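S.K.: Just passing along the structure, written as structure tokens.
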Amino acid sequence: MQMPAEEFEAAVDDAIDRIPEDLARAMNNVAIFVEDRYVPGPGEDPETVLLGVYEGTPLTERDGWWDAGSLPDRIVIFRESILEMCESREEVISEVLITVVHEVAHHFGIDDERLHELGWG
């Protein structure tokens with residue numbers, strides 16, 4: 001599937017806008033980015049493909065000292081990985097929404113097992 005970067009980023013923005021307002025207000029010190037592709041780190045399987053990743057400390061694990069100089073958490077959505085698995089614009093829009101919700105849920109401390117149970121895996 002081909003999609004201009006600007007259109008893909010607009011789909012990510014639309015997915016973010018669909019986060020319920022009370023949850024969006026509860027998000028704390030997190031930034032969302034779009035990158036082309038996940039690059040596996042040392043010791044990871046070089047064939048690893050991710051659609052998105054959450055890097056940071058979930059809200060449920062933060063203590064009183066967390067805010068003192070902590071960098072923002074990062075959510076990264078991987079454009080090329082999503083485009084490669086989708087066959088239509090509608091599929092891309094759907095997969096972007098699922099991926100954004102999945103990674104935002106990690107920010108709130110929800111693990112992969114629970115996300116799969118809820119249908120956001």
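Each chain of the structure tokens is named A, B, ... in the order shown, its residues numbered from 1; ligands are numbered from 1 in display order.
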Just asking: which residues within chain A are strand (DSSP E) according to DSSP, as an NGL selection string?
M.R.: :A and (30-35 or 52-55 or 73-78)
S.K.: Show which residues sit within 8 Å of A:Glu95, as a ChimeraX atom specification. Count only C-alpha atoms, and ignore same-chain residues fewer than 4 positions away.
M.R.: /A:82,91,99
S.K.: Now that the selection is made, can you save its residues with C-alpha atoms as a short mmCIF file (atom, residue, chain, number, x, y, z; two decimals), in the first residue's frame?
M.R.:
```
data_model
loop_
_atom_site.label_atom_id
_atom_site.label_comp_id
_atom_site.auth_asym_id
_atom_site.auth_seq_id
_atom_site.Cartn_x
_atom_site.Cartn_y
_atom_site.Cartn_z
CA ILE A 82 1.68 -0.53 8.72
CA GLU A 91 -7.18 -0.78 6.35
CA THR A 99 -1.91 0.83 16.99
#
```
S.K.: I need the residues in stretch 37-108 of chain A that are alpha helix (DSSP H) according to DSSP; give them as JSON, numbers by chain.
M.R.: {"A": [79, 80, 81, 82, 83, 84, 85, 89, 90, 91, 92, 93, 94, 95, 96, 97, 98, 99, 100, 101, 102, 103, 104, 105, 106, 107]}
S.K.: Could you list, as a PyMOL selection string, every residue within 12 Å of A:Glu84, counting only C-alpha atoms and ignoring same-chain residues fewer than 6 positions away?
M.R.: chain A and resi 1-3+36-37+49-51+78+91-92+95
S.K.: Rank A:Val76, A:Asn28, A:Gly41, A:Val96 by their smallest atom-to-atom distance to A:Ala15, using only C-alpha atoms, and report the top residue only.
M.R.: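 Smallest distance to A:Ala15 is found for A:Val96.
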S.K.: Using only C-alpha atoms, which of A:Arg62, A:His102, A:Arg114, A:Arg74 sits nearest A:Ile19?
M.R.: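 Closest residue, counting only C-alpha atoms: A:His102.
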S.K.: Rounded to one decimal place, report the atom CA of A:Gly43-atom CA of A:Asp112 distance in Å.
M.R.: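 Taking atom CA of A:Gly43 as the start and atom CA of A:Asp112 as the end point, the length is 21.3 Å.
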S.K.: Quick one, how far is atom CA of A:Glu35 from atom CA of A:Gly52?
M.R.: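 Between these atoms lies a distance of 9.3 Å.
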S.K.: Using only C-alpha atoms, which of the listed residues (A:Val53, A:Pro4, A:Pro58, A:Ala10) sits closest to A:Asn29?
M.R.: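 For A:Asn29, the nearest of the candidates is A:Pro58.
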S.K.: Looking at A:Leu23, A:Gly69, A:Asp63, A:Trp120, which one is nearest to A:Val100, with distances taken over only C-alpha atoms?
M.R.: A:Trp120
S.K.: Need the shell around A:Leu97: protein/DNA/RNA residues with any atom at most 8 Å away, counting only C-alpha atoms. Skip same-chain ones fewer than 3 positions apart. Format as a ChimeraX atom specification?
M.R.: /A:11-12,15-16,93-94,100-101
S.K.: At a cut-off of 10 Å, using only C-alpha atoms, what residues contact A:Leu115? Leave out same-chain residues fewer than 4 positions from it and give the result as a list in words.
M.R.: Val101, His102, Glu103, Ala105, His106, Ile110, Asp111, Gly119, Trp120 and Gly121 of chain A
S.K.: Could those selected residues go to a file with C-alpha atoms, as a short mmCIF file (atom, residue, chain, number, x, y, z; two decimals), in the first residue's frame?
M.R.:
```cif
data_model
loop_
_atom_site.label_atom_id
_atom_site.label_comp_id
_atom_site.auth_asym_id
_atom_site.auth_seq_id
_atom_site.Cartn_x
_atom_site.Cartn_y
_atom_site.Cartn_z
CA VAL A 101 -4.93 2.90 21.06
CA HIS A 102 -2.63 -0.05 21.83
CA GLU A 103 0.39 2.16 22.58
CA ALA A 105 -2.98 1.87 26.64
CA HIS A 106 0.61 0.94 27.52
CA ILE A 110 -2.26 -1.94 30.32
CA ASP A 111 -0.16 -4.91 29.18
CA GLY A 119 -9.49 -6.86 21.11
CA TRP A 120 -6.77 -4.21 20.77
CA GLY A 121 -3.87 -6.65 20.34
#
```
